[in-house]
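> Please find final28.txt (compact mmCIF, C-alpha atoms) on the next line:
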```txt
# COMPACT_ATOMS: atom_id res chain seq x y z
CA MET A 1 77.59 116.69 116.22
CA VAL A 2 78.39 113.04 116.84
CA ILE A 3 82.05 112.04 116.61
CA LYS A 4 83.00 108.37 116.50
CA TYR A 5 86.45 106.92 117.08
CA PHE A 6 87.67 103.46 116.17
CA SER A 7 90.59 101.11 116.79
CA TRP A 8 93.66 102.65 118.51
CA ILE A 9 92.28 106.18 118.10
CA LYS A 10 89.34 105.15 120.32
CA GLU A 11 91.79 103.78 122.91
CA TYR A 12 94.01 106.87 122.88
CA ILE A 13 91.03 109.21 123.32
CA GLY A 14 89.33 106.88 125.80
CA LYS A 15 85.88 106.86 124.23
CA SER A 16 84.21 105.42 121.18
CA GLU A 17 81.75 108.25 120.65
CA GLU A 18 80.94 111.75 121.88
CA LEU A 19 78.43 114.49 121.26
CA ILE A 20 79.84 117.99 120.82
CA GLU A 21 78.35 121.38 120.02
CA LEU A 22 80.39 122.61 117.09
CA PRO A 23 81.83 126.11 117.72
CA ASP A 24 80.69 128.59 115.05
CA ASP A 25 84.17 129.21 113.71
CA ILE A 26 84.75 125.55 112.86
CA THR A 27 83.61 124.73 109.35
CA THR A 28 85.97 122.03 108.09
CA ILE A 29 87.41 118.71 109.25
CA ALA A 30 90.89 120.26 109.46
CA GLU A 31 89.57 122.91 111.86
CA LEU A 32 87.76 120.26 113.90
CA ILE A 33 90.99 118.24 114.25
CA ASN A 34 92.85 121.36 115.44
CA TYR A 35 90.05 122.06 117.94
CA LEU A 36 90.11 118.49 119.33
CA ASP A 37 93.90 118.43 119.33
CA ASN A 38 93.90 121.40 121.75
CA LEU A 39 91.40 119.83 124.19
CA ASN A 40 93.88 117.60 126.02
CA ASP A 41 96.85 115.25 125.66
CA HIS A 42 94.67 112.24 124.82
CA TYR A 43 93.43 113.89 121.63
CA LYS A 44 96.89 115.25 120.93
CA ARG A 45 98.33 111.75 121.07
CA ALA A 46 95.58 110.36 118.85
CA PHE A 47 96.07 113.03 116.20
CA VAL A 48 99.89 112.98 116.14
CA LYS A 49 99.87 110.85 113.00
CA ARG A 50 97.08 112.87 111.41
CA ASP A 51 98.24 112.17 107.86
CA LEU A 52 97.53 108.52 108.53
CA ILE A 53 94.03 109.02 109.92
CA LYS A 54 91.01 108.30 107.74
CA ILE A 55 87.93 110.47 108.03
CA ALA A 56 84.27 109.83 107.25
CA VAL A 57 81.41 112.31 107.26
CA ASN A 58 77.99 110.67 107.44
CA LYS A 59 79.59 107.27 106.75
CA THR A 60 81.34 108.40 103.55
CA TYR A 61 85.11 108.86 103.17
CA CYS A 62 86.14 112.51 102.95
CA SER A 63 89.18 114.78 103.22
CA VAL A 64 90.32 117.37 105.75
CA GLU A 65 88.91 120.11 103.49
CA THR A 66 85.36 118.73 103.75
CA LYS A 67 82.83 121.23 105.13
CA ILE A 68 80.95 120.09 108.23
CA SER A 69 77.92 121.15 110.23
CA ASN A 70 76.39 120.34 113.61
CA ASN A 71 74.09 117.69 112.12
CA ASP A 72 76.93 115.57 110.76
CA GLU A 73 78.27 112.28 112.06
CA ILE A 74 82.06 112.38 111.87
CA ALA A 75 84.33 109.38 112.27
CA PHE A 76 88.09 109.18 112.74
CA PHE A 77 89.87 105.87 112.25
CA PRO A 78 93.20 104.34 111.19
CA PRO A 79 93.68 102.65 107.80
CA VAL A 80 91.45 99.60 107.65
CA THR A 81 92.72 96.06 108.24
CA GLY A 82 89.81 93.73 107.54
CA GLY A 83 89.55 90.77 105.23
CA MET B 1 74.95 105.38 81.36
CA GLU B 2 75.40 103.23 84.47
CA LYS B 3 74.42 99.61 84.05
CA GLN B 4 71.51 98.76 86.33
CA THR B 5 72.27 95.87 88.63
CA THR B 6 69.37 93.72 89.69
CA ILE B 7 71.30 90.57 90.54
CA PRO B 8 70.97 88.96 94.00
CA VAL B 9 73.46 90.56 96.42
CA LYS B 10 73.87 89.43 100.02
CA ILE B 11 76.07 91.39 102.44
CA ASN B 12 76.27 90.19 106.04
CA ILE B 13 78.43 91.42 108.92
CA GLN B 14 78.10 88.87 111.69
CA ASN B 15 79.68 87.24 114.72
CA LYS B 16 78.66 83.72 113.81
CA ASP B 17 80.51 81.43 111.44
CA PHE B 18 79.37 80.80 107.86
CA ASN B 19 78.99 77.60 105.88
CA VAL B 20 80.81 77.78 102.51
CA SER B 21 78.89 74.84 101.10
CA GLU B 22 75.52 76.42 101.94
CA GLU B 23 76.58 79.79 100.54
CA THR B 24 77.75 78.11 97.33
CA LYS B 25 74.40 76.35 96.95
CA ILE B 26 72.63 79.72 97.24
CA LEU B 27 74.88 81.21 94.53
CA GLN B 28 74.23 78.12 92.39
CA GLN B 29 70.54 79.09 92.17
CA ASN B 30 71.52 82.09 90.05
CA GLU B 31 71.87 81.78 86.30
CA THR B 32 75.41 80.47 86.47
CA GLY B 33 78.12 78.41 84.83
CA ALA B 34 80.84 79.35 87.30
CA ILE B 35 81.17 80.18 90.97
CA VAL B 36 84.35 81.56 92.55
CA ASN B 37 84.59 81.68 96.34
CA PHE B 38 87.27 83.34 98.43
CA VAL B 39 87.54 82.40 102.10
CA GLY B 40 89.85 84.33 104.44
CA ILE B 41 91.20 82.44 107.47
CA VAL B 42 92.78 83.67 110.73
CA ARG B 43 96.52 82.97 110.59
CA GLY B 44 98.03 81.49 113.74
CA PHE B 45 101.40 83.10 113.19
CA ASP B 46 102.56 86.69 112.69
CA GLU B 47 105.42 86.20 110.23
CA LYS B 48 106.63 89.82 110.41
CA ASN B 49 107.10 89.82 114.18
CA ASN B 50 107.67 86.10 114.64
CA ASN B 51 104.76 85.75 117.09
CA VAL B 52 102.23 83.03 117.71
CA ILE B 53 98.74 84.54 117.59
CA ASP B 54 96.39 83.36 120.33
CA SER B 55 93.29 85.14 119.01
CA MET B 56 92.12 88.05 116.94
CA THR B 57 89.25 90.46 117.51
CA LEU B 58 87.63 92.43 114.71
CA GLU B 59 85.66 95.62 115.10
CA HIS B 60 83.91 97.65 112.43
CA TYR B 61 81.91 100.79 111.78
CA PRO B 62 78.29 99.58 111.56
CA GLY B 63 76.45 101.21 108.70
CA MET B 64 79.53 102.49 106.89
CA THR B 65 80.90 98.97 106.46
CA GLU B 66 77.78 97.82 104.62
CA LEU B 67 77.71 101.01 102.50
CA GLU B 68 81.34 100.61 101.44
CA ILE B 69 80.90 96.94 100.54
CA GLU B 70 77.73 97.80 98.58
CA LYS B 71 79.69 100.40 96.58
CA ILE B 72 82.43 97.89 95.78
CA VAL B 73 79.92 95.21 94.76
CA ARG B 74 78.05 97.72 92.58
CA GLN B 75 81.29 98.59 90.78
CA GLY B 76 81.99 94.89 90.28
CA CYS B 77 78.51 94.36 88.84
CA GLN B 78 79.02 97.22 86.38
CA ARG B 79 82.40 95.97 85.26
CA TRP B 80 81.77 92.23 84.84
CA ASP B 81 78.86 90.14 83.67
CA ILE B 82 78.04 88.38 86.94
CA THR B 83 74.82 86.86 88.26
CA GLY B 84 75.12 86.98 92.05
CA VAL B 85 77.38 88.15 94.89
CA THR B 86 77.65 87.17 98.55
CA VAL B 87 79.96 88.93 101.00
CA ILE B 88 80.07 87.76 104.62
CA HIS B 89 82.52 89.29 107.08
CA ARG B 90 82.81 88.16 110.66
CA VAL B 91 83.47 90.47 113.63
CA GLY B 92 84.24 89.77 117.30
CA LYS B 93 86.77 87.35 118.72
CA LEU B 94 88.18 84.70 116.38
CA LEU B 95 90.77 81.97 116.82
CA PRO B 96 93.51 80.73 114.47
CA SER B 97 92.01 78.69 111.60
CA ASP B 98 88.61 80.38 112.00
CA GLN B 99 86.96 81.71 108.87
CA ILE B 100 86.91 85.53 108.69
CA VAL B 101 85.55 86.51 105.32
CA PHE B 102 83.64 84.99 102.43
CA VAL B 103 83.34 86.54 98.98
CA GLY B 104 81.42 84.41 96.50
CA VAL B 105 80.53 85.39 92.94
CA SER B 106 78.44 83.53 90.40
CA ALA B 107 78.71 84.24 86.66
CA LYS B 108 77.90 82.57 83.39
CA HIS B 109 81.61 82.23 82.61
CA ARG B 110 84.58 81.63 84.89
CA GLN B 111 86.80 84.61 84.02
CA ASN B 112 84.14 87.12 85.08
CA ALA B 113 83.68 85.22 88.35
CA PHE B 114 87.44 85.05 89.03
CA ASP B 115 88.12 88.70 88.21
CA SER B 116 85.13 90.20 90.03
CA CYS B 117 85.79 88.11 93.16
CA ASN B 118 89.42 89.29 93.17
CA PHE B 119 88.30 92.91 92.59
CA ILE B 120 85.76 92.83 95.45
CA MET B 121 88.27 91.30 97.86
CA ASP B 122 91.06 93.76 96.95
CA TRP B 123 88.83 96.79 97.52
CA LEU B 124 87.25 95.34 100.65
CA LYS B 125 90.76 95.08 102.17
CA THR B 126 91.43 98.78 101.58
CA LYS B 127 88.01 100.44 101.96
CA ALA B 128 85.68 98.46 104.26
CA PRO B 129 86.08 99.86 107.81
CA PHE B 130 87.21 96.83 109.80
CA TRP B 131 90.12 96.76 112.25
CA LYS B 132 91.90 93.74 113.69
CA VAL B 133 93.55 93.51 117.06
CA GLU B 134 95.78 90.49 117.67
CA GLU B 135 96.28 88.92 121.07
CA CYS B 136 99.73 87.33 121.62
CA ASN B 137 100.93 86.20 125.08
CA ASN B 138 98.30 88.38 126.78
CA HIS B 139 99.37 91.45 124.78
CA LYS B 140 97.00 93.25 122.44
CA LYS B 141 98.32 94.75 119.22
CA TRP B 142 96.34 96.58 116.57
CA VAL B 143 97.26 95.16 113.20
CA ASN B 144 99.04 97.66 110.94
CA TYR B 145 97.71 98.17 107.46
CA ASN B 146 99.63 96.60 104.68
CA LEU B 147 100.93 98.80 101.85
CA SER B 148 100.75 95.80 99.53
CA ASP B 149 96.94 95.88 99.91
CA ASP B 150 96.93 99.39 98.42
CA GLU B 151 99.24 98.20 95.67
CA ALA B 152 96.87 95.33 94.89
CA THR B 153 94.06 97.74 93.99
CA LYS B 154 96.16 99.51 91.36
CA LYS B 155 95.64 96.72 88.86
CA TRP B 156 91.93 97.60 88.75
CA VAL B 157 92.43 101.24 87.82
CA VAL B 158 91.56 101.77 84.17
```
Take the structure from the file and write it as structure tokens.

Amino acid sequence: MVIKYFSWIKEYIGKSEELIELPDDITTIAELINYLDNLNDHYKRAFVKRDLIKIAVNKTYCSVETKISNNDEIAFFPPVTGG
Amino acid sequence: MEKQTTIPVKINIQNKDFNVSEETKILQQNETGAIVNFVGIVRGFDEKNNNVIDSMTLEHYPGMTELEIEKIVRQGCQRWDITGVTVIHRVGKLLPSDQIVFVGVSAKHRQNAFDSCNFIMDWLKTKAPFWKVEECNNHKKWVNYNLSDDEATKKWVV
């Protein structure tokens, strides 16, 4: 699975993208966030304001309940500020 | 049934500047009696924090940005009788007074052009994955989202 991070989330985690092998017991975005959150303090800091964080699966907005698989591209980013 | 949209639509995400006059001429080639253009400009002053802004850098999510703007434009085409749409959004480092974004809509009649241009811009501000970081006195600060941008989209909910 490819995970992309943008804006200050990318800076907190220290990378813009990573490839992970999704553990079998992780089937939703909420479970993925919990898994990442437990990896180290960088992720923990990034996901502190998790209600604020926007999520995309395969470049489409989704919610924490969305089901995911190893072939998906996930993205985590703050509310957008373009225009 | 969804209205099929076959009008010319141009969506560009680019570093380079754009020329409003040239973009207007392109829209003028559509069957049109009215063109409405919106141009967003980099402000040189952060009114909330009372800071002079030296520069601003925009990043985006390639692929998703284009998809989100396409969805917004498609909704605009279904809702109003319009004949062409151009959306150009710049990324990378920009300076105060630089152009950031262009949304141009051609229509047979002005009200459709005004309303659809406003609609596209409002949704672009809240859905298209761009992020701005401001540089002030050698400090970088990610721009916070503005709740009023969310509020602005409510007028389009039917």
> Atom CA of B:Ala152 and atom CA of B:Asn49, how far apart in Å?
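Pair atom CA of B:Asn49 / atom CA of B:Ala152 returns 22.5 Å.
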> Compute the set of chain B residues within 8 Å of chain A, using all atoms listed in the file, and express it as a list of chain:residue names.
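Those within range of chain A come out as B:Gly40, B:Leu58, B:Glu59, B:His60, B:Tyr61, B:Gly63, B:Met64, B:Leu67, B:His89, B:Ile100, B:Val101, B:Met121, B:Leu124, B:Lys125, B:Thr126, B:Lys127, B:Ala128, B:Pro129, B:Phe130, B:Trp131, B:Lys132, B:Trp142, B:Val143, B:Asn144, B:Tyr145, B:Asn146.
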> Take atom CA of B:Lys141 and atom CA of A:Ala30 and report the distance between them in Å, one decimal.
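Separating atom CA of B:Lys141 from atom CA of A:Ala30 is a distance of 28.3 Å.
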> Can you work out the spacing between atom CA of B:Gly84 and atom CA of B:Lys108 in Å, to one decimal?
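Here the two named atoms are 10.1 Å from each other.
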> Residues at most 8 Å from stretch 31-36 of chain B, counting all atoms listed in the file, excluding those fewer than 4 positions away in the same chain, as a PyMOL selection string?
chain B and resi 24+27+83+104-110+113-114+117
> May I have the protein, DNA and RNA residues with any atom at most 8 Å from the point (81.2, 90.8, 85.3), counting only C-alpha atoms, written as JSON, numbers by chain?
{"B": [76, 77, 78, 79, 80, 81, 82, 107, 112, 113, 115, 116]}
> What's around A:Val64 at 10 Å? Count only C-alpha atoms, leave out sequence neighbours fewer than 3 positions away in its own chain, and write the answer as a PyMOL selection string.
chain A and resi 28-33+50-51+54-56+67
> Hey, what's within 12 Å of B:His139 if we count all atoms listed in the file and toss same-chain stuff fewer than 4 positions away? As a VMD selection string, please?
chain B and resid 51 to 56 133 to 135
> Please provide the set of residues having any atom within 9 Å of stretch 40-44 of chain A, restricted to all atoms listed in the file, with same-chain residues fewer than 5 positions apart removed, written as a CSV table (one decimal) with C-alpha atoms, keeping the file's coordinate frame.

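Just written: selection-v8.csv:
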```csv
chain,number,residue,atom,x,y,z
A,9,ILE,CA,92.3,106.2,118.1
A,12,TYR,CA,94.0,106.9,122.9
A,13,ILE,CA,91.0,109.2,123.3
A,14,GLY,CA,89.3,106.9,125.8
A,33,ILE,CA,91.0,118.2,114.2
```
> Name the closest residue to A:Asn34 among the candidates A:Leu22, A:Phe47, A:Ser63, A:Phe76; distances are taken between atoms, counting only C-alpha atoms.
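Using only C-alpha atoms, A:Asn34 sits closest to A:Phe47.
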